[in-house]
Amino acid sequence: MAEHAFETQVGIIGAGPAGLVLGELLADAGIDNVVLESKDRHYVESRVRAGVLEQSTVELLDQHGLSRNVHAHGMVHDGIYMQFNGERHHIDMRRLTGGRNITVYGQQELVRDLIAHRMETGKALLFEAEAVSISGLDGDADPVIHYRHSGREETLSCRIVAGCDGFHGIARQSIPTESLRTFEREFPYAWLGILAQVAPSSDELVYSFHDRGFALLSMRSPTVSRLYLQVPPEESIEEWPDERIWDELDLRLASPGWKLERGPVIEKSITPMRSFVAEPLRHGRLFLAGDSGHIVPPTGAKGLNLAIADVKVLSDALAAWFAGGDERGLEAYSETCLKRIWNAQNFSTSMTALMHLDPAADAFGLRVQRALQRFTIENLNAKSALANNYVGPPFDTPLTGTGAP
Ligand code: APR
Ligand code: PHB
């Protein structure tokens with residue numbers, strides 16, 4: 001089939017939150033970019049994912065005129081509930097963080113907003129355009145993305161390639177294995193998630209540890225709830241008719257004087273949990289951002305926020321490079337992002353361990369876990385650390401702690 005050649009300054013692979021937000025930030029800095037997405041628009045817009053935006057994420061969307069619906073339909077939460085075997089405790093995040101908060105807004109809604117905005121403003125976004133390889137990453141010449149679109153083989157030549165193609169994409173796989181170090185952890189459980197047509201039974205999210213396993217009550221709107229149950233990793237969704245899901249949620253979320261309302265289940269699926277980090281997040285002119293470079297377990301909902309933090313760092317670095325060849329931001333990209341990423345891994349894996357029932361835990365391990373749960377609620381410093389991690393650090397704060405070597 002004939003090959004067509006196109007070119008742009010930044011070729012972005014993937015129209016998830018990372019690729020779409022990067023495209024907007026670059027365009028606002030006057031940098032031309034093209035987004036290639038392997039799936040169709042409907043598929044990308046209907047993929048149900050997490051739904052918590054850190055304050056910094058919302059502020060960045062505000063600065064680029066991307067937050068109209070976030071403010072119109074998102075729900076600002078000043079706290080969360082943490083529950084341990086029926087005892088519910090309130091974590092007042094606003095007070096513990098000096099006034100910061102989170103906004104509950106579905107990732108899928110945000111992706112829909114970003115796609116609509118990109119279409120309205122006439123920027124290039126190709127659906128059903130699957131990147132198959134990247135050539136020229138090791139020489140001085142510009143790299144080229146090879147992709148398939150409408151049955152044709154095409155090429156996109158670019159100064160920079162942004163690999164925003166998620167965990168299973170080709171960008172990370174295009175880096176020679178000897179140039180990349182990966183760190184991975186699988187968890188001995190998965191999350192069964194449902195969307196239900198029912199008003200949320202709580203004003204704020206409820207994270208619940210129970211002897212039967214973890215459960216989470218979240219929401220999408222005043223009429224749609226999002227709920228999760230810890231299940232074994234190999235569990236099949238067929239084993240979970242709606243009635244069984246509600247019965248189990250009832251048990252694990254039960255708290256004196258409180259009732260879980262039920263409603264029609266409109267979506268359900270099981271997602272395995274993993275932690276993953278690739279280092280470095282750069283190979284020559286290829287930069288990895290979002291899930292292509294790292295995955296966190298969903299407890300604490302950091303994935304989307306990390307993806308957006310990456311592309312903020314990347315777009316600032318690219319603006320300086322395109323403006324006058326300043327390499328410093330690009331050289332610091334991986335290390336800058338990895339600090340935030342490892343901090344988020346620390347938080348997400350700790351919160352996961354705190355709230356889940358480890359199927360391999362012995363009686364001693366369970367007692368230690370219970371002690372840590374109590375400490376988290378009773379010790380002001382521990383509670384404050386949890387709240388500050390949950391709302392996330394501001395984008396311009398230098399991060400300290402468990403950064404990459
Ligand atoms: N060519 C083009 N597009 C691709 C390719 C490819 N070869 N491979 C994957 N893609 C697309 C996927 O179809 C998807 O739309 O890349 C996109 C990646 O988007 P996400 O998986 O949403 O990843 P990211 O943008 O990094 O967002 C991170 O999403 O997965 C959640 O928990 C994660 O919340 C976090 C957020
Ligand atoms: C969600 O609403 O989907 C959600 C909320 C909080 C989490 C994870 C997922 O920690």
# chains A, B, ... in the order shown; residues from 1 in each chain; ligands from 1

$ residues_around --residues "segment 157-173 of chain A" --least-positions-apart "6" --cutoff "6 Å" --atoms "only C-alpha atoms" --output "PDB file with N, CA, C and O atoms, in the first residue's frame"
ATOM      1  N   GLU A   7       4.436  15.598   8.492  1.00  0.00           N
ATOM      2  CA  GLU A   7       5.391  16.009   9.523  1.00  0.00           C
ATOM      3  C   GLU A   7       4.787  17.015  10.489  1.00  0.00           C
ATOM      4  O   GLU A   7       3.808  17.698  10.176  1.00  0.00           O
ATOM      5  N   THR A   8       5.384  17.056  11.680  1.00  0.00           N
ATOM      6  CA  THR A   8       4.934  17.977  12.717  1.00  0.00           C
ATOM      7  C   THR A   8       6.092  18.184  13.698  1.00  0.00           C
ATOM      8  O   THR A   8       7.122  17.515  13.596  1.00  0.00           O
ATOM      9  N   GLN A   9       5.905  19.102  14.660  1.00  0.00           N
ATOM     10  CA  GLN A   9       6.988  19.293  15.638  1.00  0.00           C
ATOM     11  C   GLN A   9       6.986  18.171  16.694  1.00  0.00           C
ATOM     12  O   GLN A   9       8.019  17.611  16.990  1.00  0.00           O
ATOM     13  N   VAL A  10       5.800  17.888  17.247  1.00  0.00           N
ATOM     14  CA  VAL A  10       5.717  16.816  18.248  1.00  0.00           C
ATOM     15  C   VAL A  10       4.658  15.799  17.815  1.00  0.00           C
ATOM     16  O   VAL A  10       3.479  16.145  17.661  1.00  0.00           O
ATOM     17  N   GLY A  11       5.079  14.576  17.620  1.00  0.00           N
ATOM     18  CA  GLY A  11       4.149  13.489  17.309  1.00  0.00           C
ATOM     19  C   GLY A  11       3.746  12.842  18.614  1.00  0.00           C
ATOM     20  O   GLY A  11       4.587  12.372  19.382  1.00  0.00           O
ATOM     21  N   ILE A  12       2.440  12.854  18.904  1.00  0.00           N
ATOM     22  CA  ILE A  12       1.945  12.316  20.178  1.00  0.00           C
ATOM     23  C   ILE A  12       1.222  11.002  19.904  1.00  0.00           C
ATOM     24  O   ILE A  12       0.256  10.974  19.132  1.00  0.00           O
ATOM     25  N   ILE A  13       1.679   9.924  20.518  1.00  0.00           N
ATOM     26  CA  ILE A  13       1.014   8.629  20.333  1.00  0.00           C
ATOM     27  C   ILE A  13       0.090   8.403  21.531  1.00  0.00           C
ATOM     28  O   ILE A  13       0.559   8.293  22.666  1.00  0.00           O
ATOM     29  N   GLY A  14      -1.233   8.340  21.261  1.00  0.00           N
ATOM     30  CA  GLY A  14      -2.193   8.060  22.318  1.00  0.00           C
ATOM     31  C   GLY A  14      -3.060   9.253  22.679  1.00  0.00           C
ATOM     32  O   GLY A  14      -2.564  10.330  22.989  1.00  0.00           O
ATOM     33  N   ALA A  18      -2.969  11.839  29.046  1.00  0.00           N
ATOM     34  CA  ALA A  18      -1.603  12.343  28.862  1.00  0.00           C
ATOM     35  C   ALA A  18      -1.455  12.986  27.478  1.00  0.00           C
ATOM     36  O   ALA A  18      -1.038  14.148  27.355  1.00  0.00           O
ATOM     37  N   GLY A  19      -1.810  12.255  26.433  1.00  0.00           N
ATOM     38  CA  GLY A  19      -1.621  12.755  25.072  1.00  0.00           C
ATOM     39  C   GLY A  19      -2.479  13.979  24.775  1.00  0.00           C
ATOM     40  O   GLY A  19      -2.022  14.951  24.164  1.00  0.00           O
ATOM     41  N   ASP A 142      15.596  13.456  12.405  1.00  0.00           N
ATOM     42  CA  ASP A 142      14.316  13.438  13.115  1.00  0.00           C
ATOM     43  C   ASP A 142      13.728  12.021  13.150  1.00  0.00           C
ATOM     44  O   ASP A 142      13.797  11.293  12.160  1.00  0.00           O
ATOM     45  N   PRO A 143      13.131  11.641  14.287  1.00  0.00           N
ATOM     46  CA  PRO A 143      12.469  10.331  14.334  1.00  0.00           C
ATOM     47  C   PRO A 143      11.197  10.310  13.479  1.00  0.00           C
ATOM     48  O   PRO A 143      10.634  11.367  13.159  1.00  0.00           O
ATOM     49  N   VAL A 144      10.768   9.108  13.142  1.00  0.00           N
ATOM     50  CA  VAL A 144       9.575   8.942  12.306  1.00  0.00           C
ATOM     51  C   VAL A 144       8.653   7.914  12.970  1.00  0.00           C
ATOM     52  O   VAL A 144       9.100   6.836  13.363  1.00  0.00           O
ATOM     53  N   ARG A 285      15.077  11.282  21.397  1.00  0.00           N
ATOM     54  CA  ARG A 285      13.981  12.240  21.176  1.00  0.00           C
ATOM     55  C   ARG A 285      12.612  11.676  21.536  1.00  0.00           C
ATOM     56  O   ARG A 285      11.586  12.275  21.224  1.00  0.00           O
ATOM     57  N   LEU A 286      12.608  10.491  22.149  1.00  0.00           N
ATOM     58  CA  LEU A 286      11.331   9.897  22.606  1.00  0.00           C
ATOM     59  C   LEU A 286      11.161  10.114  24.108  1.00  0.00           C
ATOM     60  O   LEU A 286      12.066   9.815  24.890  1.00  0.00           O
ATOM     61  N   PHE A 287       9.999  10.629  24.488  1.00  0.00           N
ATOM     62  CA  PHE A 287       9.695  10.859  25.907  1.00  0.00           C
ATOM     63  C   PHE A 287       8.441  10.062  26.266  1.00  0.00           C
ATOM     64  O   PHE A 287       7.448  10.111  25.542  1.00  0.00           O
ATOM     65  N   LEU A 288       8.526   9.337  27.387  1.00  0.00           N
ATOM     66  CA  LEU A 288       7.352   8.590  27.857  1.00  0.00           C
ATOM     67  C   LEU A 288       6.603   9.440  28.877  1.00  0.00           C
ATOM     68  O   LEU A 288       7.225  10.046  29.755  1.00  0.00           O
ATOM     69  N   ALA A 289       5.273   9.457  28.769  1.00  0.00           N
ATOM     70  CA  ALA A 289       4.459  10.204  29.742  1.00  0.00           C
ATOM     71  C   ALA A 289       3.220   9.385  30.081  1.00  0.00           C
ATOM     72  O   ALA A 289       2.650   8.710  29.223  1.00  0.00           O
ATOM     73  N   ASP A 291       0.773   6.459  31.653  1.00  0.00           N
ATOM     74  CA  ASP A 291       0.825   5.009  31.865  1.00  0.00           C
ATOM     75  C   ASP A 291       1.875   4.293  31.016  1.00  0.00           C
ATOM     76  O   ASP A 291       2.237   3.169  31.325  1.00  0.00           O
ATOM     77  N   SER A 292       2.366   4.902  29.950  1.00  0.00           N
ATOM     78  CA  SER A 292       3.401   4.223  29.153  1.00  0.00           C
ATOM     79  C   SER A 292       4.679   4.084  29.974  1.00  0.00           C
ATOM     80  O   SER A 292       5.466   3.180  29.750  1.00  0.00           O
TER      81      SER A 292
END

$ residues_near_ligand --ligand "ligand 2" --cutoff "7 Å" --atoms "only C-alpha atoms and all ligand atoms" --output "ChimeraX atom specification"
/A:49-52,104,106,218-220,226,298-301

$ atom_distance --atom1 "atom CA of Ser269 of chain A" --atom2 "atom 6 (C, counted along the ligand's line) of ligand 1"
22.9 Å

$ select_by_dssp --residues "segment 197-385 of chain A" --states "strand (DSSP E)" --output "ChimeraX atom specification"
/A:206-209,215-221,224-231,265-279,282-283,286-288,294-295

$ residues_around --residues "Gly98 of chain A" --least-positions-apart "2" --cutoff "12 Å" --atoms "only C-alpha atoms" --output "list in words"
Asp78, Asp92, Met93, Arg94, Arg95, Leu96, Arg100, Asn101, Ser384, Ala387, Asn388 and Val391 of chain A

$ write_last_selection --atoms "N, CA and C atoms" --output "compact mmCIF listing (two decimals), in the first residue's frame"
# COMPACT_ATOMS: atom_id res chain seq x y z
N ASP A 78 -13.90 18.13 50.26
CA ASP A 78 -12.92 18.63 51.22
C ASP A 78 -12.40 17.53 52.14
N ASP A 92 -10.42 15.27 57.39
CA ASP A 92 -10.74 16.62 56.93
C ASP A 92 -9.53 17.16 56.14
N MET A 93 -9.52 16.85 54.86
CA MET A 93 -8.34 17.19 54.04
C MET A 93 -8.10 18.69 53.98
N ARG A 94 -9.17 19.42 53.89
CA ARG A 94 -9.03 20.87 53.74
C ARG A 94 -8.27 21.46 54.95
N ARG A 95 -8.70 21.03 56.13
CA ARG A 95 -8.06 21.55 57.34
C ARG A 95 -6.61 21.06 57.44
N LEU A 96 -6.40 19.79 57.10
CA LEU A 96 -5.08 19.19 57.28
C LEU A 96 -4.07 19.63 56.23
N ARG A 100 -6.52 22.81 50.83
CA ARG A 100 -6.56 22.17 49.51
C ARG A 100 -7.69 21.12 49.44
N ASN A 101 -8.08 20.78 48.23
CA ASN A 101 -9.18 19.83 48.06
C ASN A 101 -8.99 18.99 46.79
N SER A 384 -2.23 13.80 58.74
CA SER A 384 -1.90 14.95 57.91
C SER A 384 -1.07 14.51 56.69
N ALA A 387 -3.51 13.06 54.23
CA ALA A 387 -4.31 14.09 53.56
C ALA A 387 -3.47 14.84 52.51
N ASN A 388 -2.24 15.16 52.87
CA ASN A 388 -1.39 15.91 51.94
C ASN A 388 -1.02 15.08 50.72
N VAL A 391 -4.33 14.85 48.46
CA VAL A 391 -4.64 16.01 47.60
C VAL A 391 -3.51 16.27 46.61

$ closest_residue --among "A:Phe395, A:Phe209, A:Phe183, A:Phe322" --to "Leu366 of chain A" --atoms "only C-alpha atoms"
A:Phe209

$ residues_around --residues "Gly303 of chain A" --least-positions-apart "5" --cutoff "12 Å" --atoms "only C-alpha atoms" --output "ChimeraX atom specification"
/A:16-18,49-54,57,107,166-167,273-276,289-298,308-310,340-341,344-345,347-348,392

$ residues_around --residues "Gln369 of chain A" --least-positions-apart "4" --cutoff "12 Å" --atoms "only C-alpha atoms" --output "PDB file with C-alpha atoms, in the first residue's frame"
ATOM      1  CA  PHE A  84     -12.048  -0.012  59.571  1.00  0.00           C
ATOM      2  CA  PHE A 209     -11.154  -2.103  55.191  1.00  0.00           C
ATOM      3  CA  HIS A 210     -13.162  -5.160  56.199  1.00  0.00           C
ATOM      4  CA  ASP A 211     -12.257  -8.685  57.266  1.00  0.00           C
ATOM      5  CA  SER A 350       1.118   2.133  51.343  1.00  0.00           C
ATOM      6  CA  MET A 351      -2.565   3.035  51.116  1.00  0.00           C
ATOM      7  CA  THR A 352      -3.204  -0.214  49.240  1.00  0.00           C
ATOM      8  CA  ALA A 353      -1.487  -2.237  51.982  1.00  0.00           C
ATOM      9  CA  LEU A 354      -3.315  -0.299  54.702  1.00  0.00           C
ATOM     10  CA  MET A 355      -6.785  -0.882  53.238  1.00  0.00           C
ATOM     11  CA  HIS A 356      -6.700  -4.345  51.590  1.00  0.00           C
ATOM     12  CA  LEU A 357      -6.944  -7.797  53.065  1.00  0.00           C
ATOM     13  CA  ASP A 358      -3.735  -9.619  52.148  1.00  0.00           C
ATOM     14  CA  ALA A 361      -1.481 -12.386  55.951  1.00  0.00           C
ATOM     15  CA  ASP A 362      -1.164 -14.338  59.176  1.00  0.00           C
ATOM     16  CA  ALA A 363      -2.685 -13.317  62.527  1.00  0.00           C
ATOM     17  CA  PHE A 364       0.457 -11.340  63.395  1.00  0.00           C
ATOM     18  CA  GLY A 365       0.347  -9.422  60.097  1.00  0.00           C
ATOM     19  CA  GLN A 373      -4.849   1.755  60.729  1.00  0.00           C
ATOM     20  CA  ARG A 374      -5.375   3.075  64.243  1.00  0.00           C
ATOM     21  CA  PHE A 375      -2.177   5.095  64.112  1.00  0.00           C
ATOM     22  CA  THR A 376      -3.257   6.677  60.810  1.00  0.00           C
TER      23      THR A 376
END

$ closest_residue --among "A:Ser202, A:Asn85, A:Ser221, A:Ser38" --to "Arg370 of chain A" --atoms "only C-alpha atoms"
A:Asn85

$ atom_distance --atom1 "atom CA of Val277 of chain A" --atom2 "atom CA of Glu184 of chain A"
6.6 Å

$ select_by_dssp --residues "segment 13-219 of chain A" --states "helix (DSSP H, G or I)" --output "PyMOL selection string"
chain A and resi 17-28+41-46+55-63+68-73+93-96+107-120+172-174+177-179

$ decode --residues "segment 132-166 of chain A" --atoms "N, CA, C and O atoms" --output "PDB file, in the first residue's frame"
ATOM      1  N   VAL A 132       2.789   1.725  14.739  1.00  0.00           N
ATOM      2  CA  VAL A 132       3.333   0.365  14.748  1.00  0.00           C
ATOM      3  C   VAL A 132       4.823   0.340  15.068  1.00  0.00           C
ATOM      4  O   VAL A 132       5.331  -0.634  15.612  1.00  0.00           O
ATOM      5  N   SER A 133       5.536   1.425  14.750  1.00  0.00           N
ATOM      6  CA  SER A 133       6.957   1.484  15.118  1.00  0.00           C
ATOM      7  C   SER A 133       7.440   2.923  15.066  1.00  0.00           C
ATOM      8  O   SER A 133       6.771   3.808  14.511  1.00  0.00           O
ATOM      9  N   ILE A 134       8.608   3.132  15.671  1.00  0.00           N
ATOM     10  CA  ILE A 134       9.250   4.460  15.623  1.00  0.00           C
ATOM     11  C   ILE A 134      10.659   4.212  15.098  1.00  0.00           C
ATOM     12  O   ILE A 134      11.389   3.387  15.660  1.00  0.00           O
ATOM     13  N   SER A 135      11.035   4.913  14.020  1.00  0.00           N
ATOM     14  CA  SER A 135      12.399   4.726  13.519  1.00  0.00           C
ATOM     15  C   SER A 135      13.208   5.992  13.746  1.00  0.00           C
ATOM     16  O   SER A 135      12.652   7.068  13.998  1.00  0.00           O
ATOM     17  N   GLY A 136      14.509   5.866  13.665  1.00  0.00           N
ATOM     18  CA  GLY A 136      15.399   7.024  13.749  1.00  0.00           C
ATOM     19  C   GLY A 136      15.600   7.551  15.146  1.00  0.00           C
ATOM     20  O   GLY A 136      15.986   8.703  15.337  1.00  0.00           O
ATOM     21  N   LEU A 137      15.369   6.714  16.150  1.00  0.00           N
ATOM     22  CA  LEU A 137      15.513   7.212  17.521  1.00  0.00           C
ATOM     23  C   LEU A 137      16.976   7.345  17.931  1.00  0.00           C
ATOM     24  O   LEU A 137      17.309   8.090  18.845  1.00  0.00           O
ATOM     25  N   ASP A 138      17.849   6.634  17.252  1.00  0.00           N
ATOM     26  CA  ASP A 138      19.238   6.642  17.713  1.00  0.00           C
ATOM     27  C   ASP A 138      20.170   7.550  16.922  1.00  0.00           C
ATOM     28  O   ASP A 138      21.307   7.744  17.311  1.00  0.00           O
ATOM     29  N   GLY A 139      19.679   8.146  15.834  1.00  0.00           N
ATOM     30  CA  GLY A 139      20.569   9.008  15.053  1.00  0.00           C
ATOM     31  C   GLY A 139      20.324  10.481  15.336  1.00  0.00           C
ATOM     32  O   GLY A 139      19.630  10.837  16.292  1.00  0.00           O
ATOM     33  N   ASP A 140      20.909  11.349  14.521  1.00  0.00           N
ATOM     34  CA  ASP A 140      20.725  12.793  14.684  1.00  0.00           C
ATOM     35  C   ASP A 140      19.508  13.290  13.903  1.00  0.00           C
ATOM     36  O   ASP A 140      18.998  14.375  14.155  1.00  0.00           O
ATOM     37  N   ALA A 141      19.063  12.469  12.932  1.00  0.00           N
ATOM     38  CA  ALA A 141      17.927  12.889  12.099  1.00  0.00           C
ATOM     39  C   ALA A 141      16.637  12.826  12.927  1.00  0.00           C
ATOM     40  O   ALA A 141      16.608  12.236  14.014  1.00  0.00           O
ATOM     41  N   ASP A 142      15.596  13.456  12.405  1.00  0.00           N
ATOM     42  CA  ASP A 142      14.316  13.438  13.115  1.00  0.00           C
ATOM     43  C   ASP A 142      13.728  12.021  13.150  1.00  0.00           C
ATOM     44  O   ASP A 142      13.797  11.293  12.160  1.00  0.00           O
ATOM     45  N   PRO A 143      13.131  11.641  14.287  1.00  0.00           N
ATOM     46  CA  PRO A 143      12.469  10.331  14.334  1.00  0.00           C
ATOM     47  C   PRO A 143      11.197  10.310  13.479  1.00  0.00           C
ATOM     48  O   PRO A 143      10.634  11.367  13.159  1.00  0.00           O
ATOM     49  N   VAL A 144      10.768   9.108  13.142  1.00  0.00           N
ATOM     50  CA  VAL A 144       9.575   8.942  12.306  1.00  0.00           C
ATOM     51  C   VAL A 144       8.653   7.914  12.970  1.00  0.00           C
ATOM     52  O   VAL A 144       9.100   6.836  13.363  1.00  0.00           O
ATOM     53  N   ILE A 145       7.375   8.294  13.100  1.00  0.00           N
ATOM     54  CA  ILE A 145       6.382   7.331  13.605  1.00  0.00           C
ATOM     55  C   ILE A 145       5.728   6.664  12.392  1.00  0.00           C
ATOM     56  O   ILE A 145       5.236   7.357  11.493  1.00  0.00           O
ATOM     57  N   HIS A 146       5.715   5.347  12.375  1.00  0.00           N
ATOM     58  CA  HIS A 146       5.038   4.608  11.309  1.00  0.00           C
ATOM     59  C   HIS A 146       3.695   4.163  11.856  1.00  0.00           C
ATOM     60  O   HIS A 146       3.642   3.571  12.948  1.00  0.00           O
ATOM     61  N   TYR A 147       2.635   4.466  11.146  1.00  0.00           N
ATOM     62  CA  TYR A 147       1.312   4.105  11.656  1.00  0.00           C
ATOM     63  C   TYR A 147       0.387   3.666  10.544  1.00  0.00           C
ATOM     64  O   TYR A 147       0.653   3.917   9.358  1.00  0.00           O
ATOM     65  N   ARG A 148      -0.673   2.961  10.960  1.00  0.00           N
ATOM     66  CA  ARG A 148      -1.675   2.453  10.018  1.00  0.00           C
ATOM     67  C   ARG A 148      -2.963   3.230  10.196  1.00  0.00           C
ATOM     68  O   ARG A 148      -3.457   3.369  11.309  1.00  0.00           O
ATOM     69  N   HIS A 149      -3.490   3.770   9.094  1.00  0.00           N
ATOM     70  CA  HIS A 149      -4.720   4.552   9.179  1.00  0.00           C
ATOM     71  C   HIS A 149      -5.549   4.272   7.932  1.00  0.00           C
ATOM     72  O   HIS A 149      -5.037   4.385   6.813  1.00  0.00           O
ATOM     73  N   SER A 150      -6.822   3.918   8.121  1.00  0.00           N
ATOM     74  CA  SER A 150      -7.719   3.599   7.007  1.00  0.00           C
ATOM     75  C   SER A 150      -7.069   2.634   6.017  1.00  0.00           C
ATOM     76  O   SER A 150      -7.105   2.848   4.805  1.00  0.00           O
ATOM     77  N   GLY A 151      -6.439   1.615   6.526  1.00  0.00           N
ATOM     78  CA  GLY A 151      -5.854   0.586   5.671  1.00  0.00           C
ATOM     79  C   GLY A 151      -4.576   1.006   4.972  1.00  0.00           C
ATOM     80  O   GLY A 151      -4.066   0.275   4.124  1.00  0.00           O
ATOM     81  N   ARG A 152      -4.056   2.181   5.273  1.00  0.00           N
ATOM     82  CA  ARG A 152      -2.815   2.614   4.606  1.00  0.00           C
ATOM     83  C   ARG A 152      -1.679   2.703   5.619  1.00  0.00           C
ATOM     84  O   ARG A 152      -1.892   2.938   6.794  1.00  0.00           O
ATOM     85  N   GLU A 153      -0.482   2.520   5.102  1.00  0.00           N
ATOM     86  CA  GLU A 153       0.721   2.712   5.921  1.00  0.00           C
ATOM     87  C   GLU A 153       1.125   4.168   5.757  1.00  0.00           C
ATOM     88  O   GLU A 153       1.301   4.639   4.631  1.00  0.00           O
ATOM     89  N   GLU A 154       1.244   4.885   6.887  1.00  0.00           N
ATOM     90  CA  GLU A 154       1.623   6.303   6.813  1.00  0.00           C
ATOM     91  C   GLU A 154       2.855   6.551   7.669  1.00  0.00           C
ATOM     92  O   GLU A 154       3.183   5.745   8.533  1.00  0.00           O
ATOM     93  N   THR A 155       3.473   7.717   7.461  1.00  0.00           N
ATOM     94  CA  THR A 155       4.578   8.085   8.358  1.00  0.00           C
ATOM     95  C   THR A 155       4.369   9.512   8.845  1.00  0.00           C
ATOM     96  O   THR A 155       3.814  10.357   8.140  1.00  0.00           O
ATOM     97  N   LEU A 156       4.798   9.749  10.067  1.00  0.00           N
ATOM     98  CA  LEU A 156       4.757  11.084  10.650  1.00  0.00           C
ATOM     99  C   LEU A 156       6.172  11.396  11.136  1.00  0.00           C
ATOM    100  O   LEU A 156       6.686  10.753  12.060  1.00  0.00           O
ATOM    101  N   SER A 157       6.785  12.355  10.479  1.00  0.00           N
ATOM    102  CA  SER A 157       8.144  12.735  10.857  1.00  0.00           C
ATOM    103  C   SER A 157       8.032  13.863  11.881  1.00  0.00           C
ATOM    104  O   SER A 157       7.235  14.791  11.707  1.00  0.00           O
ATOM    105  N   CYS A 158       8.790  13.790  12.960  1.00  0.00           N
ATOM    106  CA  CYS A 158       8.642  14.808  14.010  1.00  0.00           C
ATOM    107  C   CYS A 158       9.989  15.100  14.674  1.00  0.00           C
ATOM    108  O   CYS A 158      10.885  14.268  14.642  1.00  0.00           O
ATOM    109  N   ARG A 159      10.085  16.273  15.279  1.00  0.00           N
ATOM    110  CA  ARG A 159      11.319  16.591  16.011  1.00  0.00           C
ATOM    111  C   ARG A 159      11.367  15.776  17.303  1.00  0.00           C
ATOM    112  O   ARG A 159      12.427  15.374  17.751  1.00  0.00           O
ATOM    113  N   ILE A 160      10.191  15.581  17.890  1.00  0.00           N
ATOM    114  CA  ILE A 160      10.072  14.894  19.185  1.00  0.00           C
ATOM    115  C   ILE A 160       8.891  13.927  19.119  1.00  0.00           C
ATOM    116  O   ILE A 160       7.862  14.243  18.521  1.00  0.00           O
ATOM    117  N   VAL A 161       9.059  12.755  19.739  1.00  0.00           N
ATOM    118  CA  VAL A 161       7.932  11.819  19.868  1.00  0.00           C
ATOM    119  C   VAL A 161       7.531  11.755  21.346  1.00  0.00           C
ATOM    120  O   VAL A 161       8.380  11.556  22.215  1.00  0.00           O
ATOM    121  N   ALA A 162       6.239  11.928  21.611  1.00  0.00           N
ATOM    122  CA  ALA A 162       5.725  11.776  22.974  1.00  0.00           C
ATOM    123  C   ALA A 162       4.976  10.446  23.039  1.00  0.00           C
ATOM    124  O   ALA A 162       3.957  10.264  22.365  1.00  0.00           O
ATOM    125  N   GLY A 163       5.487   9.527  23.822  1.00  0.00           N
ATOM    126  CA  GLY A 163       4.854   8.215  23.991  1.00  0.00           C
ATOM    127  C   GLY A 163       3.825   8.306  25.094  1.00  0.00           C
ATOM    128  O   GLY A 163       4.135   8.176  26.270  1.00  0.00           O
ATOM    129  N   CYS A 164       2.580   8.580  24.687  1.00  0.00           N
ATOM    130  CA  CYS A 164       1.470   8.710  25.657  1.00  0.00           C
ATOM    131  C   CYS A 164       0.490   7.572  25.410  1.00  0.00           C
ATOM    132  O   CYS A 164      -0.723   7.746  25.503  1.00  0.00           O
ATOM    133  N   ASP A 165       1.021   6.397  25.033  1.00  0.00           N
ATOM    134  CA  ASP A 165       0.164   5.317  24.539  1.00  0.00           C
ATOM    135  C   ASP A 165      -0.115   4.237  25.580  1.00  0.00           C
ATOM    136  O   ASP A 165      -0.394   3.088  25.232  1.00  0.00           O
ATOM    137  N   GLY A 166      -0.064   4.606  26.849  1.00  0.00           N
ATOM    138  CA  GLY A 166      -0.527   3.691  27.888  1.00  0.00           C
ATOM    139  C   GLY A 166       0.426   2.528  28.112  1.00  0.00           C
ATOM    140  O   GLY A 166       1.474   2.413  27.475  1.00  0.00           O
TER     141      GLY A 166
END
